[in-house]
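Encoded as structure tokens, the structure appears first; notes follow it.
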Amino acid sequence: MMRSTGSRSTIVGVDVGGTFTDVFVLDEATGEASVAKVPTTRPDQSGGFLAGVRTVADPASLTTVVHGTTAGTNALLERKGARIGVITTAGFRDVLEMRRRDRPRTWGLRGDFEPVVPRDLRLEVPERTLADGTVETAVDLDAVRDAALRLREMGAEAVAILFVNAYADASNEAAAAAAVRAIWPNPHVCASSEILPEIREFERFSTTALNAYLQPEVSGYLARLEAALREGGFPGEFLIVQSNGGVMTVETACARPVRTALSGPAAGVIAAAWIAESAGFPNVITGDVGGTSFDVALIEGGRSRLAAQTSIDFGMVVRTPMIEITTIGAGGGSIARVDAGGLLEIGPESAGSDPGPVAYGRGNDRPTVTDANIVLGRIDAERPIGGSLARLDVEAARAAIAHHVGEPLGLDVEDAAEAILRVANSRMAGAIRLVSIERGHDPKHFAYMPFGGGGALHAGALVAEVGLGSALVPRYPGVTSAMGCVIADMRQDFVQTVNAPTDALDVAALGDLMQAHRDEGHRLLDIAGVAFAGRETLFELDMAYIGQTHTVAVPIGVRITDRRVEAPSRDDVAAAFGEAYRRAYGRLLEGAPTRVLNLRSAVVGIRPKFDLATLAPAADASLAAAKRGSRRVRFAGAWRDTALYDRLALPVGAEIAGPAILSQPDTTIVVDPGLVGRVDRFGNIVLTREETA
């Protein structure tokens with residue numbers, strides 16, 4: 001492992017996964033980069049984080065540390081957030097429980113749902129604001145204070161203030177928040193008009209309640225990390241990746257932890273988009289295979305897609321901009337089992353990092369996807385990635401597969417291991433089809449970019465099963481998300497409901513709102529203390545035909561002169577809506593009136609990107625020097641002599657015909673029979689079929 005030389009321009013990206021904590025370090029002065037993987041520590045992830053940072057550098061030598069965290073994600077999925085209370089408008093106590101009248105199973109007649117806030121911790125107070133912003137009943141601040149005291153007595157660690165129609169006029173809610181903050185023992189007080197000043201009660205209430213639910217956990221975790229870094233002499237900026245792929249300060253993350261719900265996976269997509277476009281692949285589908293999950297995203301024209309909201313789990317809706325990522329439980333640690341009907345299932349239960357796969361020898365006796373790859377010879381048992389184990393226990397993995405899969409299905413160990421991989425690959429292929437074919441995209445026009453510690457093990461199988469054009473394996477696939485932390489831009493998002501017919505839109509007021517968003521975004525960038533290569537401001541309107549429930553996102557281009565935003569005309573807005581609606585649905589509803597529901601703004605501080613060529617193989621690299629012999633590996637029911645290579649030692653332009661195994665410290669790449677791998681000028685491996693090579 002190359003250690004920092006003490007340069008004062010060293011940036012470290014840290015991504016915490018289910019099994020490993022990945023670290024990518026970049027010395028901006030020299031362009032040198034290095035990587036590290038250490039086991040993720042549970043339940044407190046800060047141990048693995050700090051161990052990873054110290055592996056690559058002395059904290060005192062670092063300029064910036066950027067973290068992609070799953071602390072919020074895990075707290076939501078495992079229901080391990082804080083005990084929180086709600087203060088809401090009289091009559092609206094059960095909005096969080098009523099949701100959208102949806103069901104956990106589409107065709108089920110029954111379903112259970114328990115909000116993160118128990119009903120006895122949801123208290124009502126007199127106040128009422130109408131949908132047009134008229135304050136019909138001023139808030140009773142004595143009732144608010146009494147409610148806050150009751151919640152404290154009942155053990156609430158955080159409180160969410162959720163008033164109906166607060167998006168239209170926030171005065172009642174703001175007064176209530178000020179009253180609660182004056183007597184609340186910590187800073188964990190959230191008001192819906194601060195978190196999401198947007199129409200629709202459930203989404204606003206849910207997002208704000210989940211923000212409060214995460215505040216004690218996430219802010220405590222980040223405070224421990226920052227304190228430990230400072231104690232180690234770290235003098236620089238500590239930044240956190242948002243779900244939208246941008247970064248934010250620790251202060252913002254502590255106040256808005258709901259924005260970290262998909263922090264780690266988002267960083268990987270950001271890096272993938274940059275790597276792929278640099279390599280000449282503007283259209284890619286990413287597949288992040290970690291220890292617990294398989295995360296898929298589609299990138300078209302070099303840009304990832306942003307969704308306005310997502311459901312972390314049934315009924316747990318977060319409405320904040322997020323990169324569109326589809327996640328299934330099919331990672332390297334996913335457990336294989338035969339169900340009562342005799343069907344082989346993979347996941348969603350995972351062995352994670354503790355105890356990990358059977359071959360790790362840490363007490364797990366149920367086989368995982370990683371165990372199957374080990375038994376089939378695809379993973380080198382004598383040189384496991386991560387560096388925490390001297391070797392892997394192949395015989396233990398074989399015994400577990402035989403007992404839990406082979407015997408129930410009447411298969412020998414090798415056939416059972418191949419069955420595990422076929423089912424895992426089928427599940428992964430289904431997720432890829434979901435983001436491509438089912439949304440009108442032909443996979444043959446996309447390259448597949450695998451990353452994560454296990455992504456490149458399955459690349460060839462997925463190219464064949466889905467019909468993808470090729471695969472692009474980055475130089476350091478096992479730490480791609482950590483690399484994304486290093487290159488992610490700083491981004492501040494804003495939303496405000498407008499709710500006006502387009503033909504009656506007050507464009508002057510809209511321009512003032514755009515200006516306010518831009519000014520606040522630039523203020524936040526200014527105080528972040530981060531150097532930017534440039535800045536940009538993006539505006540988008542949520543619009544629909546009047547009578548429609550669902551909206552389309554309408555990008556709005558505006559001129560900014562002397563830092564002043566020139567408001568668009570009504571004709572400009574109408575034309576932009578027509579273009580966006582036709583692109584989404586193929587036709588317009590001619591003559592039907594439209595409305596503008598929300599304004600969404602993003603102010604982006606563009607962070608400098610390093611030259612990917614610095615990661616390229618050394619000029620004196622050679623194919624002969626990279627050869628590491630051969631071993632028997634099983635493909636399609638037969639053991640085949642398979643060439644072994646040190647992937648990082650392969651020269652630019654090298655061609656490797658399958659079957660071959662390319663090993664490196666952070667991952668293993670399988671070049672399946674019938675595929676050819678080529679090393680491009682950045683050191684990426686491009687996998688194509690032999691007939692198209």
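Residue numbering restarts at 1 for every chain of the structure tokens, chains are lettered A, B, ... in their displayed order, and ligands are numbered from 1 as they appear.
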Wanna dump the range 475-553 of chain A-range 659-678 of chain A contacts at 9 Å for me, each residue with its shortest atom pair and the distance in Å to one decimal, counting only C-alpha atoms, ordered by chain and number, as a tab-separated table?
```
residue	atom	partner	partner_atom	distance
A:Tyr476	CA	A:Asp666	CA	6.9
A:Pro477	CA	A:Thr667	CA	6.7
A:Gly478	CA	A:Asp666	CA	4.8
A:Val479	CA	A:Asp666	CA	7.0
```
Dump N, CA and C atoms for the selected residues as a tab-separated table (two decimals), in the first residue's frame?
```tsv
chain	number	residue	atom	x	y	z
A	476	TYR	N	-10.17	0.57	-10.72
A	476	TYR	CA	-10.32	0.12	-9.34
A	476	TYR	C	-11.81	-0.12	-9.05
A	477	PRO	N	-12.39	-1.17	-9.57
A	477	PRO	CA	-13.84	-1.38	-9.42
A	477	PRO	C	-14.28	-1.56	-7.97
A	478	GLY	N	-13.41	-2.13	-7.14
A	478	GLY	CA	-13.80	-2.37	-5.76
A	478	GLY	C	-13.94	-1.12	-4.93
A	479	VAL	N	-13.38	0.00	-5.40
A	479	VAL	CA	-13.45	1.24	-4.63
A	479	VAL	C	-14.02	2.38	-5.49
```
As a check of understanding: the span from CA of Thr249 in chain A to CA of Ala75 in chain A is 20.5 Å
Could you pull the residues within 7 Å of Ala649 in chain A, counting only C-alpha atoms, minus those fewer than 6 positions along the same chain, as a tab-separated table (two decimals) with C-alpha atoms, in the first residue's frame?
```tsv
chain	number	residue	atom	x	y	z
A	617	PRO	CA	-0.66	1.24	-16.42
A	621	ALA	CA	4.15	-2.79	-18.27
A	626	ALA	CA	1.51	-9.67	-15.72
```
For range 303-316 of chain A, please output as a count of residues only all residues within 9 Å (counting only C-alpha atoms; exclusion window: fewer than 6 positions along the same chain). 32
What parts of range 26-237 of chain A does DSSP call alpha helix (DSSP H)? I'd like the answer as an NGL selection string. :A and (46-56 or 71-77 or 95-98 or 141-153 or 171-183 or 192-195 or 201-231)
Can you tell me, as a VMD selection string, which residues in range 468-687 of chain A count as strand (DSSP E) by DSSP? chain A and resid 470 to 473 490 to 501 534 to 545 552 to 556 560 to 561 564 to 565 594 to 606 627 to 635 638 to 646 655 to 657 660 to 664 667 to 671 675 to 679 685 to 687
Take the residues that were just selected and, keeping C-alpha atoms, output them as a PDB file, in the first residue's frame.
```
ATOM      1  CA  SER A 470     -20.108  -4.769 -23.772  1.00  0.00           C
ATOM      2  CA  ALA A 471     -18.757  -4.344 -20.267  1.00  0.00           C
ATOM      3  CA  LEU A 472     -16.408  -1.659 -18.993  1.00  0.00           C
ATOM      4  CA  VAL A 473     -14.510  -2.610 -15.831  1.00  0.00           C
ATOM      5  CA  MET A 490     -21.133  20.129  -3.990  1.00  0.00           C
ATOM      6  CA  ARG A 491     -24.861  20.541  -4.572  1.00  0.00           C
ATOM      7  CA  GLN A 492     -27.625  22.441  -2.793  1.00  0.00           C
ATOM      8  CA  ASP A 493     -31.226  21.599  -3.732  1.00  0.00           C
ATOM      9  CA  PHE A 494     -34.325  23.694  -3.093  1.00  0.00           C
ATOM     10  CA  VAL A 495     -38.041  23.239  -3.737  1.00  0.00           C
ATOM     11  CA  GLN A 496     -41.051  25.506  -3.308  1.00  0.00           C
ATOM     12  CA  THR A 497     -44.666  24.943  -4.303  1.00  0.00           C
ATOM     13  CA  VAL A 498     -46.090  27.473  -6.793  1.00  0.00           C
ATOM     14  CA  ASN A 499     -49.416  25.771  -7.675  1.00  0.00           C
ATOM     15  CA  ALA A 500     -50.683  28.109 -10.374  1.00  0.00           C
ATOM     16  CA  PRO A 501     -52.231  27.688 -13.855  1.00  0.00           C
ATOM     17  CA  GLY A 534     -16.925  26.578 -11.438  1.00  0.00           C
ATOM     18  CA  ARG A 535     -20.564  26.966 -10.440  1.00  0.00           C
ATOM     19  CA  GLU A 536     -23.886  26.401 -12.158  1.00  0.00           C
ATOM     20  CA  THR A 537     -27.536  26.914 -11.303  1.00  0.00           C
ATOM     21  CA  LEU A 538     -30.256  24.567 -12.593  1.00  0.00           C
ATOM     22  CA  PHE A 539     -34.001  25.207 -12.567  1.00  0.00           C
ATOM     23  CA  GLU A 540     -36.838  22.757 -13.125  1.00  0.00           C
ATOM     24  CA  LEU A 541     -40.624  22.972 -12.833  1.00  0.00           C
ATOM     25  CA  ASP A 542     -43.009  20.185 -11.861  1.00  0.00           C
ATOM     26  CA  MET A 543     -45.894  20.595 -14.330  1.00  0.00           C
ATOM     27  CA  ALA A 544     -48.985  18.723 -15.466  1.00  0.00           C
ATOM     28  CA  TYR A 545     -52.217  19.177 -17.340  1.00  0.00           C
ATOM     29  CA  VAL A 552     -43.376  15.791 -15.404  1.00  0.00           C
ATOM     30  CA  ALA A 553     -40.040  17.449 -14.707  1.00  0.00           C
ATOM     31  CA  VAL A 554     -39.580  20.434 -17.013  1.00  0.00           C
ATOM     32  CA  PRO A 555     -36.052  21.900 -17.277  1.00  0.00           C
ATOM     33  CA  ILE A 556     -36.141  25.681 -17.560  1.00  0.00           C
ATOM     34  CA  ILE A 560     -28.346  35.116 -15.372  1.00  0.00           C
ATOM     35  CA  THR A 561     -26.899  38.594 -15.864  1.00  0.00           C
ATOM     36  CA  ARG A 564     -29.611  38.375 -11.436  1.00  0.00           C
ATOM     37  CA  VAL A 565     -31.980  35.703 -12.730  1.00  0.00           C
ATOM     38  CA  THR A 594     -51.597  23.199 -17.738  1.00  0.00           C
ATOM     39  CA  ARG A 595     -50.367  24.177 -14.291  1.00  0.00           C
ATOM     40  CA  VAL A 596     -47.054  24.723 -12.536  1.00  0.00           C
ATOM     41  CA  LEU A 597     -46.928  22.833  -9.260  1.00  0.00           C
ATOM     42  CA  ASN A 598     -43.381  23.247  -7.901  1.00  0.00           C
ATOM     43  CA  LEU A 599     -40.124  25.025  -8.613  1.00  0.00           C
ATOM     44  CA  ARG A 600     -36.997  22.936  -8.067  1.00  0.00           C
ATOM     45  CA  SER A 601     -33.587  24.572  -8.061  1.00  0.00           C
ATOM     46  CA  ALA A 602     -30.062  23.236  -7.714  1.00  0.00           C
ATOM     47  CA  VAL A 603     -26.919  25.278  -7.157  1.00  0.00           C
ATOM     48  CA  VAL A 604     -23.824  23.208  -7.965  1.00  0.00           C
ATOM     49  CA  GLY A 605     -20.237  23.914  -7.008  1.00  0.00           C
ATOM     50  CA  ILE A 606     -18.156  21.984  -9.545  1.00  0.00           C
ATOM     51  CA  LYS A 627       1.052 -13.439 -16.256  1.00  0.00           C
ATOM     52  CA  ARG A 628       0.659 -15.353 -12.994  1.00  0.00           C
ATOM     53  CA  GLY A 629       0.257 -18.916 -14.243  1.00  0.00           C
ATOM     54  CA  SER A 630      -3.054 -20.772 -14.417  1.00  0.00           C
ATOM     55  CA  ARG A 631      -5.558 -22.750 -12.360  1.00  0.00           C
ATOM     56  CA  ARG A 632      -8.653 -24.843 -12.909  1.00  0.00           C
ATOM     57  CA  VAL A 633     -11.886 -22.850 -12.925  1.00  0.00           C
ATOM     58  CA  ARG A 634     -15.365 -24.218 -13.567  1.00  0.00           C
ATOM     59  CA  PHE A 635     -17.500 -22.764 -16.377  1.00  0.00           C
ATOM     60  CA  ALA A 638     -16.725 -28.168 -16.941  1.00  0.00           C
ATOM     61  CA  TRP A 639     -13.364 -27.438 -15.325  1.00  0.00           C
ATOM     62  CA  ARG A 640     -11.082 -25.471 -17.644  1.00  0.00           C
ATOM     63  CA  ASP A 641      -7.461 -24.407 -17.439  1.00  0.00           C
ATOM     64  CA  THR A 642      -7.720 -20.666 -16.910  1.00  0.00           C
ATOM     65  CA  ALA A 643      -4.959 -18.099 -17.335  1.00  0.00           C
ATOM     66  CA  LEU A 644      -4.235 -15.887 -14.343  1.00  0.00           C
ATOM     67  CA  TYR A 645      -3.047 -12.279 -14.588  1.00  0.00           C
ATOM     68  CA  ASP A 646      -2.170  -9.400 -12.294  1.00  0.00           C
ATOM     69  CA  GLU A 655      -5.884  -8.417 -25.138  1.00  0.00           C
ATOM     70  CA  ILE A 656      -6.918 -11.315 -22.901  1.00  0.00           C
ATOM     71  CA  ALA A 657      -9.113 -14.054 -24.361  1.00  0.00           C
ATOM     72  CA  ALA A 660      -9.048 -15.842 -17.714  1.00  0.00           C
ATOM     73  CA  ILE A 661      -8.974 -14.463 -14.178  1.00  0.00           C
ATOM     74  CA  LEU A 662      -7.600 -10.968 -13.568  1.00  0.00           C
ATOM     75  CA  SER A 663      -6.801 -10.302  -9.911  1.00  0.00           C
ATOM     76  CA  GLN A 664      -6.124  -7.070  -8.047  1.00  0.00           C
ATOM     77  CA  THR A 667     -11.618  -7.178  -6.810  1.00  0.00           C
ATOM     78  CA  THR A 668     -11.418 -10.171  -9.146  1.00  0.00           C
ATOM     79  CA  ILE A 669     -12.388  -9.972 -12.832  1.00  0.00           C
ATOM     80  CA  VAL A 670     -13.662 -13.078 -14.622  1.00  0.00           C
ATOM     81  CA  VAL A 671     -13.228 -13.109 -18.411  1.00  0.00           C
ATOM     82  CA  LEU A 675     -15.201 -12.972 -24.243  1.00  0.00           C
ATOM     83  CA  VAL A 676     -12.122 -10.844 -24.883  1.00  0.00           C
ATOM     84  CA  GLY A 677     -10.803  -8.223 -22.487  1.00  0.00           C
ATOM     85  CA  ARG A 678      -8.862  -5.208 -23.788  1.00  0.00           C
ATOM     86  CA  VAL A 679      -6.994  -2.637 -21.696  1.00  0.00           C
ATOM     87  CA  ILE A 685     -10.868  -3.420 -19.126  1.00  0.00           C
ATOM     88  CA  VAL A 686     -13.363  -3.509 -22.010  1.00  0.00           C
ATOM     89  CA  LEU A 687     -15.076  -6.902 -22.335  1.00  0.00           C
TER      90      LEU A 687
END
```
Any idea what's packed within 12 Å of Ala399 in chain A, counting only C-alpha atoms, ignoring anything in its chain fewer than 5 positions away? Could you give it as number ranges by chain? A: 358-359, 365-367, 371-372, 375, 393-394, 404-407, 412-414, 416-417
